[in-house]
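**Student:** Shown below is the structure under consideration.
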Amino acid sequence: MGEVSFETTAYAKIILHAVKYPHCAVNGILLADGSKIRDGVKNQDLEIVDAVPLFHHSHYLSPMAEVALTQIDTVAQADNRVIAGYYAACENFKDNTVEKCPGQKIAEKIAELFPSAVFVVLDNKKVMLHLETPAMKIHRYSEGKWKLKDTNKVVFQSPYVLETVSYLYHNNVQKDLVDFDNYLDDLSQDWTNLGIEKVIASINASNINVQKYD
């Protein structure tokens with residue numbers, strides 16, 4: 001299977017979405033670098049460069065999902081990005097499988113349109129362990145099922161992703177994260193979360209010491 005790697009921004013938004021709503025199931029869309037995509041090829045390498053938080057309480061309202069996906073696709077194409085996957089965290093702390101995740105039909109639709117799609121399931125237990133280890137289970141769609149990849153192999157583009165995300169969490173940046181539930185309640189809010197991207201860029205540019213938290 002092709003390698004799947006994650007930029008800091010993508011992983012940060014996924015984790016911040018989950019920790020902002022610790023008692024809710026959450027889900028979202030993964031965007032890959034379109035310049036590295038080969039049309040129609042299965043199991044190709046993916047560089048996940050961004051994540052778009054969808055919902056924390058409207059998972060089963062298909063009209064809202066259609067509105068969100070249309071807007072996301074428009075913005076993604078303008079930035080030469082591709083909707084390449086889906087992420088979700090279950091409401092129940094012990095449920096860390098695809099079968100228990102919300103919005104599976106969204107993930108299947110993405111896989112139908114993009115054969116190399118991935119489904120990321122957040123491991124709730126690892127999210128709670130101070131974010132010191134990768135908290136994702138990565139699946140690829142094959143033979144009509146989502147199949148788990150090597151659970152020990154999560155590839156990051158930067159060696160400081162976990163430290164950066166921990167820094168963001170301990171500075172309460174998650175409170176500023178906007179998902180589509182927030183956006184549909186108040187259209188003035190920015191579902192692209194450019195503010196968080198600027199914070200991450202600032203950390204990287206100024207070499208802030210994003211030390212690990214015990």
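Residue names in the structure tokens use chain letters A, B, ... in the order shown, residue numbers from 1 in each chain, and ligand numbers from 1 in the order shown.
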Please, which residues in stretch 120-183 of chain A fall within 9 Å of stretch 46-62 of chain A when counting only C-alpha atoms, and what is the closest atom pair and distance in Å to one decimal for each, ordered by chain then residue number, as CSV?
**Tutor:**
residue,atom,partner,partner_atom,distance
A:Gln157,CA,A:Glu47,CA,8.5
A:Leu177,CA,A:Pro53,CA,8.4
A:Val178,CA,A:Pro53,CA,7.2
A:Asp179,CA,A:Pro53,CA,4.7
A:Phe180,CA,A:Leu54,CA,4.8
A:Asp181,CA,A:Phe55,CA,5.3
A:Asn182,CA,A:Phe55,CA,8.3
**Student:** Take the residues just selected and output them with N, CA and C atoms as a PDB file, in the first residue's frame.
**Tutor:**
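Final output, out-v8.pdb:
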ATOM      1  N   GLN A 157       5.395  14.888   8.053  1.00  0.00           N
ATOM      2  CA  GLN A 157       6.324  15.661   7.231  1.00  0.00           C
ATOM      3  C   GLN A 157       7.352  16.410   8.075  1.00  0.00           C
ATOM      4  N   LEU A 177     -10.987  26.714  17.022  1.00  0.00           N
ATOM      5  CA  LEU A 177     -11.255  25.892  15.847  1.00  0.00           C
ATOM      6  C   LEU A 177     -12.732  25.975  15.460  1.00  0.00           C
ATOM      7  N   VAL A 178     -12.983  26.087  14.163  1.00  0.00           N
ATOM      8  CA  VAL A 178     -14.350  26.204  13.634  1.00  0.00           C
ATOM      9  C   VAL A 178     -14.655  24.994  12.759  1.00  0.00           C
ATOM     10  N   ASP A 179     -15.739  24.277  13.069  1.00  0.00           N
ATOM     11  CA  ASP A 179     -16.194  23.231  12.159  1.00  0.00           C
ATOM     12  C   ASP A 179     -17.469  23.708  11.454  1.00  0.00           C
ATOM     13  N   PHE A 180     -18.024  22.882  10.587  1.00  0.00           N
ATOM     14  CA  PHE A 180     -19.175  23.329   9.798  1.00  0.00           C
ATOM     15  C   PHE A 180     -20.426  23.501  10.649  1.00  0.00           C
ATOM     16  N   ASP A 181     -20.530  22.805  11.754  1.00  0.00           N
ATOM     17  CA  ASP A 181     -21.633  23.078  12.675  1.00  0.00           C
ATOM     18  C   ASP A 181     -21.550  24.521  13.176  1.00  0.00           C
ATOM     19  N   ASN A 182     -20.352  24.945  13.567  1.00  0.00           N
ATOM     20  CA  ASN A 182     -20.148  26.327  14.014  1.00  0.00           C
ATOM     21  C   ASN A 182     -20.447  27.309  12.893  1.00  0.00           C
TER      22      ASN A 182
END
**Student:** Please provide the set of residues having any atom within 9 Å of stretch 19-21 of chain A, restricted to only C-alpha atoms, with same-chain residues fewer than 4 positions apart removed, written as a PyMOL selection string.
**Tutor:** chain A and resi 14-15+25-26+56+127-128+169+172+174-177
**Student:** What is the atom CA of A:Asp39-atom CA of A:Pro115 distance in Å, reported with one decimal?
**Tutor:**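 We find that atom CA of A:Asp39 and atom CA of A:Pro115 lie 9.0 Å from each other.
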**Student:** Per DSSP on the backbone, what are the strand (DSSP E or B) residues of stretch 59-122 of chain A, as a JSON list (two decimals) with N, CA, C and O atoms, in the first residue's frame?
**Tutor:**
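So result18.json came out as:
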[["chain", "number", "residue", "atom", "x", "y", "z"],
["A", 81, "ARG", "N", -5.69, 21.16, -4.49],
["A", 81, "ARG", "CA", -5.78, 20.09, -3.50],
["A", 81, "ARG", "C", -6.94, 19.16, -3.87],
["A", 81, "ARG", "O", -7.84, 19.55, -4.60],
["A", 82, "VAL", "N", -6.90, 17.96, -3.32],
["A", 82, "VAL", "CA", -7.89, 16.94, -3.65],
["A", 82, "VAL", "C", -8.49, 16.40, -2.37],
["A", 82, "VAL", "O", -7.79, 16.17, -1.38],
["A", 83, "ILE", "N", -9.83, 16.22, -2.38],
["A", 83, "ILE", "CA", -10.48, 15.53, -1.26],
["A", 83, "ILE", "C", -10.03, 14.08, -1.30],
["A", 83, "ILE", "O", -10.39, 13.33, -2.21],
["A", 84, "ALA", "N", -9.21, 13.71, -0.34],
["A", 84, "ALA", "CA", -8.53, 12.41, -0.41],
["A", 84, "ALA", "C", -8.83, 11.50, 0.77],
["A", 84, "ALA", "O", -8.26, 10.41, 0.88],
["A", 85, "GLY", "N", -9.72, 11.92, 1.65],
["A", 85, "GLY", "CA", -10.00, 11.06, 2.78],
["A", 85, "GLY", "C", -10.94, 11.68, 3.79],
["A", 85, "GLY", "O", -11.48, 12.78, 3.58],
["A", 86, "TYR", "N", -11.09, 10.97, 4.86],
["A", 86, "TYR", "CA", -12.09, 11.28, 5.89],
["A", 86, "TYR", "C", -11.51, 10.92, 7.25],
["A", 86, "TYR", "O", -10.74, 9.96, 7.35],
["A", 87, "TYR", "N", -11.84, 11.70, 8.25],
["A", 87, "TYR", "CA", -11.42, 11.32, 9.60],
["A", 87, "TYR", "C", -12.62, 11.37, 10.54],
["A", 87, "TYR", "O", -13.60, 12.09, 10.29],
["A", 88, "ALA", "N", -12.55, 10.61, 11.61],
["A", 88, "ALA", "CA", -13.64, 10.60, 12.58],
["A", 88, "ALA", "C", -13.14, 10.11, 13.93],
["A", 88, "ALA", "O", -12.17, 9.35, 14.02],
["A", 89, "ALA", "N", -13.80, 10.59, 14.96],
["A", 89, "ALA", "CA", -13.58, 10.09, 16.32],
["A", 89, "ALA", "C", -14.93, 9.71, 16.89],
["A", 89, "ALA", "O", -15.91, 10.43, 16.71],
["A", 118, "VAL", "N", -8.28, 7.54, 2.08],
["A", 118, "VAL", "CA", -7.98, 6.96, 3.39],
["A", 118, "VAL", "C", -9.07, 7.35, 4.39],
["A", 118, "VAL", "O", -9.74, 8.37, 4.24],
["A", 119, "PHE", "N", -9.23, 6.51, 5.37],
["A", 119, "PHE", "CA", -10.18, 6.76, 6.47],
["A", 119, "PHE", "C", -9.34, 6.74, 7.75],
["A", 119, "PHE", "O", -8.77, 5.71, 8.12],
["A", 120, "VAL", "N", -9.26, 7.87, 8.41],
["A", 120, "VAL", "CA", -8.49, 7.97, 9.66],
["A", 120, "VAL", "C", -9.45, 7.91, 10.85],
["A", 120, "VAL", "O", -10.37, 8.71, 10.96],
["A", 121, "VAL", "N", -9.24, 6.94, 11.70],
["A", 121, "VAL", "CA", -10.00, 6.81, 12.94],
["A", 121, "VAL", "C", -9.12, 7.28, 14.08],
["A", 121, "VAL", "O", -7.99, 6.80, 14.25],
["A", 122, "LEU", "N", -9.60, 8.22, 14.86],
["A", 122, "LEU", "CA", -8.83, 8.69, 16.01],
["A", 122, "LEU", "C", -8.89, 7.66, 17.12],
["A", 122, "LEU", "O", -9.96, 7.12, 17.42]]
**Student:** Based on DSSP run over this structure's backbone, return all residues of stretch 40-214 of chain A in helix (DSSP H, G or I), as an MDAnalysis selection string.
**Tutor:** chainID A and resid 62:78 98:100 104:113 124:127 161:170 173:176 180:185 194:206
**Student:** Rounded to one decimal in Å, what is the spacing between atom CA of A:Leu148 and atom CA of A:Val98?
**Tutor:** 9.3 Å
**Student:** Residues near A:Leu162, anyone? I mean within 7 Å using only C-alpha atoms, not counting same-chain ones fewer than 4 positions away, as a count of residues only.
**Tutor:** 3
**Student:** Compile the contact shell of A:Thr133 as a PDB file with all heavy atoms, in the first residue's frame: residues with an atom at most 10 Å away, counting only C-alpha atoms, same-chain residues fewer than 3 positions apart removed.
**Tutor:**
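This went into selection-v3.pdb:
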ATOM      1  N   LYS A 126      -5.300   7.335  22.937  1.00  0.00           N
ATOM      2  CA  LYS A 126      -4.031   8.018  22.695  1.00  0.00           C
ATOM      3  C   LYS A 126      -4.211   9.534  22.681  1.00  0.00           C
ATOM      4  O   LYS A 126      -3.288  10.274  23.028  1.00  0.00           O
ATOM      5  CB  LYS A 126      -3.420   7.525  21.389  1.00  0.00           C
ATOM      6  CG  LYS A 126      -2.905   6.095  21.476  1.00  0.00           C
ATOM      7  CD  LYS A 126      -2.190   5.676  20.205  1.00  0.00           C
ATOM      8  CE  LYS A 126      -1.629   4.262  20.350  1.00  0.00           C
ATOM      9  NZ  LYS A 126      -0.931   3.829  19.112  1.00  0.00           N
ATOM     10  N   VAL A 127      -5.383  10.002  22.257  1.00  0.00           N
ATOM     11  CA  VAL A 127      -5.651  11.446  22.302  1.00  0.00           C
ATOM     12  C   VAL A 127      -5.542  11.951  23.730  1.00  0.00           C
ATOM     13  O   VAL A 127      -5.046  13.053  23.992  1.00  0.00           O
ATOM     14  CB  VAL A 127      -7.050  11.769  21.730  1.00  0.00           C
ATOM     15  CG1 VAL A 127      -7.410  13.232  21.990  1.00  0.00           C
ATOM     16  CG2 VAL A 127      -7.091  11.496  20.231  1.00  0.00           C
ATOM     17  N   LEU A 129      -3.642  10.749  26.061  1.00  0.00           N
ATOM     18  CA  LEU A 129      -2.314  10.542  26.655  1.00  0.00           C
ATOM     19  C   LEU A 129      -1.384  11.705  26.336  1.00  0.00           C
ATOM     20  O   LEU A 129      -0.249  11.526  25.878  1.00  0.00           O
ATOM     21  CB  LEU A 129      -1.720   9.218  26.156  1.00  0.00           C
ATOM     22  CG  LEU A 129      -2.424   7.944  26.620  1.00  0.00           C
ATOM     23  CD1 LEU A 129      -1.799   6.723  25.956  1.00  0.00           C
ATOM     24  CD2 LEU A 129      -2.369   7.815  28.132  1.00  0.00           C
ATOM     25  N   HIS A 130      -1.882  12.918  26.600  1.00  0.00           N
ATOM     26  CA  HIS A 130      -1.079  14.128  26.447  1.00  0.00           C
ATOM     27  C   HIS A 130      -0.540  14.311  25.022  1.00  0.00           C
ATOM     28  O   HIS A 130       0.445  15.025  24.828  1.00  0.00           O
ATOM     29  CB  HIS A 130       0.076  14.143  27.444  1.00  0.00           C
ATOM     30  CG  HIS A 130      -0.358  13.982  28.869  1.00  0.00           C
ATOM     31  ND1 HIS A 130      -1.033  14.965  29.549  1.00  0.00           N
ATOM     32  CD2 HIS A 130      -0.247  12.949  29.730  1.00  0.00           C
ATOM     33  CE1 HIS A 130      -1.297  14.545  30.781  1.00  0.00           C
ATOM     34  NE2 HIS A 130      -0.837  13.327  30.914  1.00  0.00           N
ATOM     35  N   MET A 136      -3.752   8.075  15.558  1.00  0.00           N
ATOM     36  CA  MET A 136      -4.537   7.763  14.381  1.00  0.00           C
ATOM     37  C   MET A 136      -4.403   6.308  13.967  1.00  0.00           C
ATOM     38  O   MET A 136      -3.330   5.718  14.091  1.00  0.00           O
ATOM     39  CB  MET A 136      -4.100   8.642  13.194  1.00  0.00           C
ATOM     40  CG  MET A 136      -4.245  10.121  13.402  1.00  0.00           C
ATOM     41  SD  MET A 136      -3.898  11.058  11.877  1.00  0.00           S
ATOM     42  CE  MET A 136      -2.178  10.648  11.588  1.00  0.00           C
ATOM     43  N   VAL A 154       2.833   5.838  11.252  1.00  0.00           N
ATOM     44  CA  VAL A 154       2.210   7.119  10.931  1.00  0.00           C
ATOM     45  C   VAL A 154       3.340   8.061  10.555  1.00  0.00           C
ATOM     46  O   VAL A 154       4.244   8.317  11.347  1.00  0.00           O
ATOM     47  CB  VAL A 154       1.415   7.689  12.117  1.00  0.00           C
ATOM     48  CG1 VAL A 154       0.875   9.060  11.777  1.00  0.00           C
ATOM     49  CG2 VAL A 154       0.270   6.749  12.483  1.00  0.00           C
ATOM     50  N   LEU A 162       4.131  16.329  16.829  1.00  0.00           N
ATOM     51  CA  LEU A 162       3.505  16.020  18.115  1.00  0.00           C
ATOM     52  C   LEU A 162       3.762  17.129  19.138  1.00  0.00           C
ATOM     53  O   LEU A 162       2.870  17.506  19.904  1.00  0.00           O
ATOM     54  CB  LEU A 162       4.016  14.680  18.645  1.00  0.00           C
ATOM     55  CG  LEU A 162       3.673  13.452  17.787  1.00  0.00           C
ATOM     56  CD1 LEU A 162       4.300  12.210  18.391  1.00  0.00           C
ATOM     57  CD2 LEU A 162       2.172  13.289  17.648  1.00  0.00           C
ATOM     58  N   GLU A 163       4.974  17.679  19.129  1.00  0.00           N
ATOM     59  CA  GLU A 163       5.293  18.767  20.051  1.00  0.00           C
ATOM     60  C   GLU A 163       4.474  20.015  19.722  1.00  0.00           C
ATOM     61  O   GLU A 163       3.989  20.712  20.624  1.00  0.00           O
ATOM     62  CB  GLU A 163       6.783  19.091  19.991  1.00  0.00           C
ATOM     63  CG  GLU A 163       7.688  18.021  20.603  1.00  0.00           C
ATOM     64  CD  GLU A 163       8.054  16.920  19.624  1.00  0.00           C
ATOM     65  OE1 GLU A 163       7.448  16.869  18.529  1.00  0.00           O
ATOM     66  OE2 GLU A 163       8.912  16.099  19.955  1.00  0.00           O
TER      67      GLU A 163
END
**Student:** Near A:Ser116, counting only C-alpha atoms, which residues have an atom at most 10 Å away, once you skip same-chain residues fewer than 6 positions from it, shown as number ranges by chain?
**Tutor:** A: 1-2, 37-46, 84-85, 110, 140-142
**Student:** Would you please work out which residue, of A:Val4, A:Val155, A:Leu69, A:Val173, is nearest to A:Lys109 when using only C-alpha atoms?
**Tutor:**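 Result for the nearest residue to A:Lys109: A:Leu69.
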**Student:** Could you pull the residues within 8 Å of A:Thr8, counting only C-alpha atoms, minus those fewer than 2 positions along the same chain, as a list in words?
**Tutor:**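 Everything that qualifies: Phe6, Ala10, Tyr11, Ala12, Val49, Phe156, Gln157, Ser158, Val161, Thr164, Val165 and Ile200 of chain A.
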**Student:** Can you write out the residues you just picked, keeping N, CA, C and O atoms, as a PDB file, in the first residue's frame?
**Tutor:**
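Ended up saving to result-v6.pdb:
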ATOM      1  N   PHE A   6       1.442  13.136   6.755  1.00  0.00           N
ATOM      2  CA  PHE A   6       0.611  14.226   7.238  1.00  0.00           C
ATOM      3  C   PHE A   6       1.444  15.465   7.529  1.00  0.00           C
ATOM      4  O   PHE A   6       2.458  15.388   8.219  1.00  0.00           O
ATOM      5  N   ALA A  10      -2.602  19.586   9.034  1.00  0.00           N
ATOM      6  CA  ALA A  10      -3.657  18.574   8.925  1.00  0.00           C
ATOM      7  C   ALA A  10      -3.841  17.832  10.245  1.00  0.00           C
ATOM      8  O   ALA A  10      -4.960  17.708  10.761  1.00  0.00           O
ATOM      9  N   TYR A  11      -2.744  17.334  10.796  1.00  0.00           N
ATOM     10  CA  TYR A  11      -2.845  16.569  12.041  1.00  0.00           C
ATOM     11  C   TYR A  11      -3.340  17.453  13.188  1.00  0.00           C
ATOM     12  O   TYR A  11      -4.166  17.021  14.008  1.00  0.00           O
ATOM     13  N   ALA A  12      -2.882  18.698  13.225  1.00  0.00           N
ATOM     14  CA  ALA A  12      -3.285  19.603  14.298  1.00  0.00           C
ATOM     15  C   ALA A  12      -4.789  19.850  14.289  1.00  0.00           C
ATOM     16  O   ALA A  12      -5.450  19.799  15.337  1.00  0.00           O
ATOM     17  N   VAL A  49      -2.233  17.412   3.385  1.00  0.00           N
ATOM     18  CA  VAL A  49      -1.728  18.739   3.716  1.00  0.00           C
ATOM     19  C   VAL A  49      -2.690  19.561   4.569  1.00  0.00           C
ATOM     20  O   VAL A  49      -2.298  20.572   5.153  1.00  0.00           O
ATOM     21  N   PHE A 156       4.921  11.633   9.448  1.00  0.00           N
ATOM     22  CA  PHE A 156       4.729  13.074   9.509  1.00  0.00           C
ATOM     23  C   PHE A 156       5.787  13.765   8.664  1.00  0.00           C
ATOM     24  O   PHE A 156       6.933  13.315   8.578  1.00  0.00           O
ATOM     25  N   GLN A 157       5.395  14.888   8.053  1.00  0.00           N
ATOM     26  CA  GLN A 157       6.324  15.661   7.231  1.00  0.00           C
ATOM     27  C   GLN A 157       7.352  16.410   8.075  1.00  0.00           C
ATOM     28  O   GLN A 157       8.429  16.746   7.599  1.00  0.00           O
ATOM     29  N   SER A 158       7.011  16.686   9.329  1.00  0.00           N
ATOM     30  CA  SER A 158       7.911  17.396  10.236  1.00  0.00           C
ATOM     31  C   SER A 158       8.202  16.526  11.457  1.00  0.00           C
ATOM     32  O   SER A 158       7.317  15.824  11.946  1.00  0.00           O
ATOM     33  N   VAL A 161       5.835  17.508  14.829  1.00  0.00           N
ATOM     34  CA  VAL A 161       4.375  17.583  14.755  1.00  0.00           C
ATOM     35  C   VAL A 161       3.741  17.369  16.132  1.00  0.00           C
ATOM     36  O   VAL A 161       2.892  18.152  16.563  1.00  0.00           O
ATOM     37  N   THR A 164       4.315  20.295  18.443  1.00  0.00           N
ATOM     38  CA  THR A 164       3.536  21.467  18.028  1.00  0.00           C
ATOM     39  C   THR A 164       2.082  21.323  18.440  1.00  0.00           C
ATOM     40  O   THR A 164       1.477  22.264  18.978  1.00  0.00           O
ATOM     41  N   VAL A 165       1.502  20.156  18.217  1.00  0.00           N
ATOM     42  CA  VAL A 165       0.096  19.932  18.575  1.00  0.00           C
ATOM     43  C   VAL A 165      -0.095  20.003  20.088  1.00  0.00           C
ATOM     44  O   VAL A 165      -1.071  20.566  20.587  1.00  0.00           O
ATOM     45  N   ILE A 200       0.351  28.108  13.571  1.00  0.00           N
ATOM     46  CA  ILE A 200       1.315  27.046  13.312  1.00  0.00           C
ATOM     47  C   ILE A 200       2.500  27.578  12.514  1.00  0.00           C
ATOM     48  O   ILE A 200       3.667  27.270  12.812  1.00  0.00           O
TER      49      ILE A 200
END
**Student:** Tell me, in Å to one decimal, how far atom CA of A:Pro102 is from atom CA of A:Val67.
**Tutor:**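 Interatomic distance here is 17.5 Å.
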**Student:** Nearest to A:Cys24: which of A:Leu194, A:Glu99, A:Glu112, A:Phe93 is it, counting only C-alpha atoms?
**Tutor:** A:Phe93
